[in-house]
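K.L.:
Dropping a structure here in C-alpha coordinates format, bear with me for questions.
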Amino acid sequence: MDVQTDYRAAAVGLMEDYAQSASVKLQTYPGRPMSVNAPCGFVDRMGATIDPIGPGANYQITPSCELIILHGPFDSKDAADQRDAFVDGFVQWVAARYHEAGSNSLIAVTRVEDEPTYVTDWMPPDRQRTYYGTRITLEGYVGDN
(Lines give C-alpha, C1' and ligand atoms only; values in the text may rest on other atoms or scores of the structure.)
Protein backbone atom coordinates (compact mmCIF):
# COMPACT_ATOMS: atom_id res chain seq x y z
CA MET A 1 0.00 0.00 0.00
CA ASP A 2 1.34 3.42 -0.93
CA VAL A 3 0.18 5.16 2.25
CA GLN A 4 1.39 8.71 1.56
CA THR A 5 0.25 8.61 -2.08
CA ASP A 6 -3.17 7.22 -1.13
CA TYR A 7 -3.76 9.76 1.65
CA ARG A 8 -2.69 12.73 -0.48
CA ALA A 9 -5.02 11.58 -3.27
CA ALA A 10 -7.83 11.05 -0.77
CA ALA A 11 -7.37 14.54 0.68
CA VAL A 12 -7.51 16.19 -2.74
CA GLY A 13 -10.44 14.03 -3.80
CA LEU A 14 -12.38 14.87 -0.64
CA MET A 15 -11.85 18.61 -1.18
CA GLU A 16 -12.83 18.45 -4.86
CA ASP A 17 -15.87 16.24 -4.34
CA TYR A 18 -17.16 18.24 -1.39
CA ALA A 19 -16.73 21.55 -3.20
CA GLN A 20 -18.58 20.21 -6.23
CA SER A 21 -21.42 18.75 -4.14
CA ALA A 22 -21.83 22.01 -2.19
CA SER A 23 -21.50 24.20 -5.32
CA VAL A 24 -18.44 25.88 -3.81
CA LYS A 25 -15.89 27.37 -6.19
CA LEU A 26 -12.61 25.93 -4.93
CA GLN A 27 -9.35 25.35 -6.76
CA THR A 28 -7.52 22.35 -5.30
CA TYR A 29 -3.88 21.31 -5.40
CA PRO A 30 -1.95 18.25 -4.16
CA GLY A 31 0.74 20.57 -2.75
CA ARG A 32 1.48 24.25 -2.30
CA PRO A 33 0.51 26.03 -5.52
CA MET A 34 2.78 28.35 -7.51
CA SER A 35 0.06 31.01 -7.44
CA VAL A 36 -2.98 31.51 -5.24
CA ASN A 37 -6.40 32.67 -6.28
CA ALA A 38 -8.69 32.26 -3.27
CA PRO A 39 -10.79 30.38 -2.55
CA CYS A 40 -8.47 27.42 -2.89
CA GLY A 41 -7.40 24.36 -0.95
CA PHE A 42 -4.18 22.39 -0.95
CA VAL A 43 -2.16 19.80 0.93
CA ASP A 44 0.27 21.78 3.05
CA ARG A 45 1.99 19.04 5.05
CA MET A 46 2.10 15.25 5.14
CA GLY A 47 3.33 13.05 7.95
CA ALA A 48 2.88 9.75 9.76
CA THR A 49 3.47 8.03 13.07
CA ILE A 50 4.80 4.52 12.56
CA ASP A 51 4.50 2.10 15.49
CA PRO A 52 6.11 -1.36 15.37
CA ILE A 53 3.83 -4.19 16.50
CA GLY A 54 5.66 -7.14 17.99
CA PRO A 55 8.68 -8.81 16.39
CA GLY A 56 9.22 -8.72 12.67
CA ALA A 57 8.09 -6.22 10.09
CA ASN A 58 4.53 -5.52 11.31
CA TYR A 59 3.60 -1.98 12.14
CA GLN A 60 0.69 0.39 12.47
CA ILE A 61 0.75 3.65 10.51
CA THR A 62 -1.16 6.74 11.53
CA PRO A 63 -0.86 9.01 8.49
CA SER A 64 -1.69 12.70 8.75
CA CYS A 65 -2.38 15.29 6.12
CA GLU A 66 -2.79 19.01 6.77
CA LEU A 67 -4.96 20.92 4.34
CA ILE A 68 -5.07 24.67 3.98
CA ILE A 69 -8.27 26.25 2.74
CA LEU A 70 -7.74 29.91 1.81
CA HIS A 71 -11.07 31.76 1.93
CA GLY A 72 -9.99 35.24 0.92
CA PRO A 73 -7.52 38.07 1.50
CA PHE A 74 -8.85 39.03 4.95
CA ASP A 75 -11.13 37.99 7.78
CA SER A 76 -14.46 39.64 7.02
CA LYS A 77 -17.97 38.57 7.99
CA ASP A 78 -18.45 37.10 4.51
CA ALA A 79 -15.16 35.17 4.74
CA ALA A 80 -16.01 33.96 8.27
CA ASP A 81 -19.47 32.81 7.17
CA GLN A 82 -17.91 31.06 4.17
CA ARG A 83 -15.35 29.40 6.45
CA ASP A 84 -17.98 28.17 8.91
CA ALA A 85 -20.21 26.71 6.19
CA PHE A 86 -17.27 25.03 4.46
CA VAL A 87 -15.83 23.52 7.65
CA ASP A 88 -19.18 22.23 8.96
CA GLY A 89 -20.02 20.62 5.63
CA PHE A 90 -16.53 19.25 4.99
CA VAL A 91 -16.28 17.58 8.42
CA GLN A 92 -19.57 15.77 7.78
CA TRP A 93 -18.51 14.90 4.21
CA VAL A 94 -15.29 13.27 5.38
CA ALA A 95 -17.05 11.43 8.24
CA ALA A 96 -19.32 9.74 5.69
CA ARG A 97 -16.33 8.75 3.51
CA TYR A 98 -13.97 7.24 6.07
CA HIS A 99 -12.60 4.68 3.56
CA GLU A 100 -11.63 7.33 0.97
CA ALA A 101 -7.92 6.43 1.26
CA GLY A 102 -8.58 2.72 0.71
CA SER A 103 -10.81 -0.10 1.83
CA ASN A 104 -8.32 -1.24 4.50
CA SER A 105 -7.71 2.19 6.00
CA LEU A 106 -9.58 4.97 7.74
CA ILE A 107 -9.47 8.75 7.37
CA ALA A 108 -11.12 11.44 9.50
CA VAL A 109 -10.93 15.14 10.33
CA THR A 110 -9.18 15.38 13.71
CA ARG A 111 -8.53 19.12 14.00
CA VAL A 112 -9.70 22.40 12.53
CA GLU A 113 -7.84 25.63 13.26
CA ASP A 114 -8.11 29.10 11.77
CA GLU A 115 -5.05 30.67 10.17
CA PRO A 116 -6.30 34.29 10.03
CA THR A 117 -2.95 35.58 8.76
CA TYR A 118 -1.75 32.74 6.55
CA VAL A 119 1.20 33.93 4.46
CA THR A 120 2.27 32.25 1.23
CA ASP A 121 5.88 32.24 2.48
CA TRP A 122 7.15 29.73 -0.12
CA MET A 123 6.67 32.31 -2.87
CA PRO A 124 9.16 35.04 -3.73
CA PRO A 125 8.77 38.03 -1.36
CA ASP A 126 7.14 40.26 -3.98
CA ARG A 127 4.43 37.62 -4.57
CA GLN A 128 3.71 36.75 -0.94
CA ARG A 129 0.22 37.61 0.28
CA THR A 130 -1.71 37.21 3.51
CA TYR A 131 -4.98 35.25 3.47
CA TYR A 132 -7.68 34.23 5.88
CA GLY A 133 -7.38 30.47 5.98
CA THR A 134 -8.28 27.33 7.83
CA ARG A 135 -5.95 24.42 8.58
CA ILE A 136 -7.77 21.08 8.55
CA THR A 137 -5.94 18.01 9.79
CA LEU A 138 -6.91 14.62 8.39
CA GLU A 139 -5.62 11.55 10.17
CA GLY A 140 -5.94 7.94 9.28
CA TYR A 141 -5.25 4.44 10.38
CA VAL A 142 -3.47 1.70 8.47
CA GLY A 143 -3.00 -1.55 10.43
CA ASP A 144 -0.56 -4.43 10.07
CA ASN A 145 1.71 -3.96 7.05
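Residues are referred to by chain and number: the chain letter is A, B, ... according to the order shown in the C-alpha coordinates, the number counts from 1 in that chain, and ligands are numbered separately from 1 in the order shown.
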Please list as a list in words every residue within 12 Å of Thr117 in chain A, counting only C-alpha atoms and excluding residues in the same chain fewer than 2 positions away.
P.N.:
Leu70, His71, Gly72, Pro73, Phe74, Asp75, Glu113, Asp114, Glu115, Val119, Thr120, Asp121, Gln128, Arg129, Thr130, Tyr131, Tyr132, Gly133, Thr134 and Arg135 of chain A
K.L.:
Please tabulate, as a Markdown table, the residues of range 58-138 of chain A that come within 12 Å of range 20-34 of chain A, each with its closest pair of atoms and the distance in Å to one decimal, counting only C-alpha atoms and ordering rows by chain, then residue number upward.
P.N.:
```
| residue | atom | partner | partner_atom | distance |
| --- | --- | --- | --- | --- |
| A:Cys65 | CA | A:Pro30 | CA | 10.7 |
| A:Glu66 | CA | A:Gly31 | CA | 10.3 |
| A:Leu67 | CA | A:Gly31 | CA | 9.1 |
| A:Ile68 | CA | A:Arg32 | CA | 9.1 |
| A:Ile69 | CA | A:Leu26 | CA | 8.8 |
| A:Leu70 | CA | A:Leu26 | CA | 9.2 |
| A:His71 | CA | A:Leu26 | CA | 9.1 |
| A:Gly72 | CA | A:Leu26 | CA | 11.3 |
| A:Gln82 | CA | A:Val24 | CA | 9.5 |
| A:Arg83 | CA | A:Val24 | CA | 11.3 |
| A:Ala85 | CA | A:Ala22 | CA | 9.8 |
| A:Phe86 | CA | A:Val24 | CA | 8.4 |
| A:Val87 | CA | A:Ala22 | CA | 11.6 |
| A:Asp88 | CA | A:Ala22 | CA | 11.5 |
| A:Gly89 | CA | A:Ala22 | CA | 8.2 |
| A:Phe90 | CA | A:Ala22 | CA | 9.3 |
| A:Gln92 | CA | A:Ala22 | CA | 12.0 |
| A:Trp93 | CA | A:Ser21 | CA | 9.6 |
| A:Val119 | CA | A:Arg32 | CA | 11.8 |
| A:Thr120 | CA | A:Arg32 | CA | 8.8 |
| A:Asp121 | CA | A:Arg32 | CA | 10.3 |
| A:Trp122 | CA | A:Arg32 | CA | 8.2 |
| A:Met123 | CA | A:Met34 | CA | 7.2 |
| A:Pro124 | CA | A:Met34 | CA | 10.0 |
| A:Arg127 | CA | A:Met34 | CA | 9.9 |
| A:Gln128 | CA | A:Met34 | CA | 10.7 |
```
K.L.:
If you run DSSP on this backbone, which residues of chain A come out as alpha helix (DSSP H), and could you give them as a VMD selection string?
P.N.:
chain A and resid 3 to 21 77 to 95
K.L.:
Put those residues in a file: N, CA and C atoms, as a tab-separated table (two decimals), in the first residue's frame.
P.N.:
```tsv
chain	number	residue	atom	x	y	z
A	3	VAL	N	0.93	4.41	1.24
A	3	VAL	CA	0.18	5.16	2.25
A	3	VAL	C	0.17	6.66	1.95
A	4	GLN	N	1.34	7.26	1.77
A	4	GLN	CA	1.39	8.71	1.56
A	4	GLN	C	0.67	9.10	0.26
A	5	THR	N	0.90	8.34	-0.80
A	5	THR	CA	0.25	8.61	-2.08
A	5	THR	C	-1.27	8.50	-1.95
A	6	ASP	N	-1.73	7.44	-1.28
A	6	ASP	CA	-3.17	7.22	-1.13
A	6	ASP	C	-3.83	8.31	-0.28
A	7	TYR	N	-3.17	8.74	0.78
A	7	TYR	CA	-3.76	9.76	1.65
A	7	TYR	C	-3.75	11.14	0.99
A	8	ARG	N	-2.70	11.44	0.24
A	8	ARG	CA	-2.69	12.73	-0.48
A	8	ARG	C	-3.82	12.75	-1.52
A	9	ALA	N	-3.95	11.66	-2.27
A	9	ALA	CA	-5.02	11.58	-3.27
A	9	ALA	C	-6.40	11.65	-2.62
A	10	ALA	N	-6.55	11.00	-1.48
A	10	ALA	CA	-7.83	11.05	-0.77
A	10	ALA	C	-8.15	12.47	-0.31
A	11	ALA	N	-7.16	13.17	0.20
A	11	ALA	CA	-7.37	14.54	0.68
A	11	ALA	C	-7.82	15.45	-0.45
A	12	VAL	N	-7.14	15.36	-1.59
A	12	VAL	CA	-7.51	16.19	-2.74
A	12	VAL	C	-8.89	15.80	-3.24
A	13	GLY	N	-9.14	14.51	-3.34
A	13	GLY	CA	-10.44	14.03	-3.80
A	13	GLY	C	-11.57	14.48	-2.89
A	14	LEU	N	-11.36	14.42	-1.58
A	14	LEU	CA	-12.38	14.87	-0.64
A	14	LEU	C	-12.68	16.36	-0.81
A	15	MET	N	-11.63	17.17	-0.96
A	15	MET	CA	-11.85	18.61	-1.18
A	15	MET	C	-12.63	18.86	-2.46
A	16	GLU	N	-12.18	18.23	-3.56
A	16	GLU	CA	-12.83	18.45	-4.86
A	16	GLU	C	-14.28	17.98	-4.85
A	17	ASP	N	-14.51	16.79	-4.34
A	17	ASP	CA	-15.87	16.24	-4.34
A	17	ASP	C	-16.81	17.04	-3.45
A	18	TYR	N	-16.30	17.44	-2.27
A	18	TYR	CA	-17.16	18.24	-1.39
A	18	TYR	C	-17.49	19.58	-2.04
A	19	ALA	N	-16.50	20.25	-2.57
A	19	ALA	CA	-16.73	21.55	-3.20
A	19	ALA	C	-17.76	21.43	-4.32
A	20	GLN	N	-17.62	20.40	-5.14
A	20	GLN	CA	-18.58	20.21	-6.23
A	20	GLN	C	-19.98	19.94	-5.70
A	21	SER	N	-20.09	19.10	-4.68
A	21	SER	CA	-21.42	18.75	-4.14
A	21	SER	C	-22.09	19.95	-3.48
A	77	LYS	N	-16.78	39.36	7.66
A	77	LYS	CA	-17.97	38.57	7.99
A	77	LYS	C	-18.28	37.58	6.88
A	78	ASP	N	-18.18	38.00	5.63
A	78	ASP	CA	-18.45	37.10	4.51
A	78	ASP	C	-17.46	35.93	4.51
A	79	ALA	N	-16.18	36.22	4.72
A	79	ALA	CA	-15.16	35.17	4.74
A	79	ALA	C	-15.38	34.23	5.93
A	80	ALA	N	-15.76	34.79	7.08
A	80	ALA	CA	-16.01	33.96	8.27
A	80	ALA	C	-17.24	33.07	8.05
A	81	ASP	N	-18.28	33.61	7.47
A	81	ASP	CA	-19.47	32.81	7.17
A	81	ASP	C	-19.13	31.70	6.18
A	82	GLN	N	-18.34	32.04	5.17
A	82	GLN	CA	-17.91	31.06	4.17
A	82	GLN	C	-17.09	29.96	4.84
A	83	ARG	N	-16.20	30.35	5.72
A	83	ARG	CA	-15.35	29.40	6.45
A	83	ARG	C	-16.21	28.45	7.27
A	84	ASP	N	-17.15	29.01	8.04
A	84	ASP	CA	-17.98	28.17	8.91
A	84	ASP	C	-18.79	27.16	8.11
A	85	ALA	N	-19.41	27.62	7.03
A	85	ALA	CA	-20.21	26.71	6.19
A	85	ALA	C	-19.34	25.63	5.57
A	86	PHE	N	-18.16	26.01	5.08
A	86	PHE	CA	-17.27	25.03	4.46
A	86	PHE	C	-16.83	23.99	5.48
A	87	VAL	N	-16.36	24.44	6.64
A	87	VAL	CA	-15.83	23.52	7.65
A	87	VAL	C	-16.93	22.57	8.12
A	88	ASP	N	-18.10	23.09	8.47
A	88	ASP	CA	-19.18	22.23	8.96
A	88	ASP	C	-19.53	21.16	7.93
A	89	GLY	N	-19.67	21.57	6.69
A	89	GLY	CA	-20.02	20.62	5.63
A	89	GLY	C	-18.90	19.64	5.35
A	90	PHE	N	-17.66	20.11	5.32
A	90	PHE	CA	-16.53	19.25	4.99
A	90	PHE	C	-16.31	18.19	6.07
A	91	VAL	N	-16.45	18.55	7.33
A	91	VAL	CA	-16.28	17.58	8.42
A	91	VAL	C	-17.29	16.45	8.26
A	92	GLN	N	-18.54	16.79	7.98
A	92	GLN	CA	-19.57	15.77	7.78
A	92	GLN	C	-19.30	14.94	6.53
A	93	TRP	N	-18.83	15.59	5.46
A	93	TRP	CA	-18.51	14.90	4.21
A	93	TRP	C	-17.44	13.84	4.43
A	94	VAL	N	-16.38	14.21	5.12
A	94	VAL	CA	-15.29	13.27	5.38
A	94	VAL	C	-15.76	12.13	6.29
A	95	ALA	N	-16.56	12.46	7.31
A	95	ALA	CA	-17.05	11.43	8.24
A	95	ALA	C	-17.83	10.34	7.51
```
K.L.:
One decimal, in Å: what's the spacing between CA of Val142 in chain A and CA of Leu106 in chain A?
P.N.:
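These two atoms are separated by 7.0 Å.
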K.L.:
Based on the backbone DSSP call, show me all residues of range 65-140 of chain A assigned strand (DSSP E), as a ChimeraX atom specification.
P.N.:
/A:65-72,105-119,130-140
K.L.:
What gap, in Å, lies between CA of Ser64 in chain A and CA of Ser103 in chain A?
P.N.:
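Taking CA of Ser64 in chain A as the start and CA of Ser103 in chain A as the end point, the length is 17.2 Å.
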K.L.:
Report, in Å with one decimal, the straight-line distance from CA of Ile50 in chain A to CA of Glu100 in chain A.
P.N.:
20.3 Å
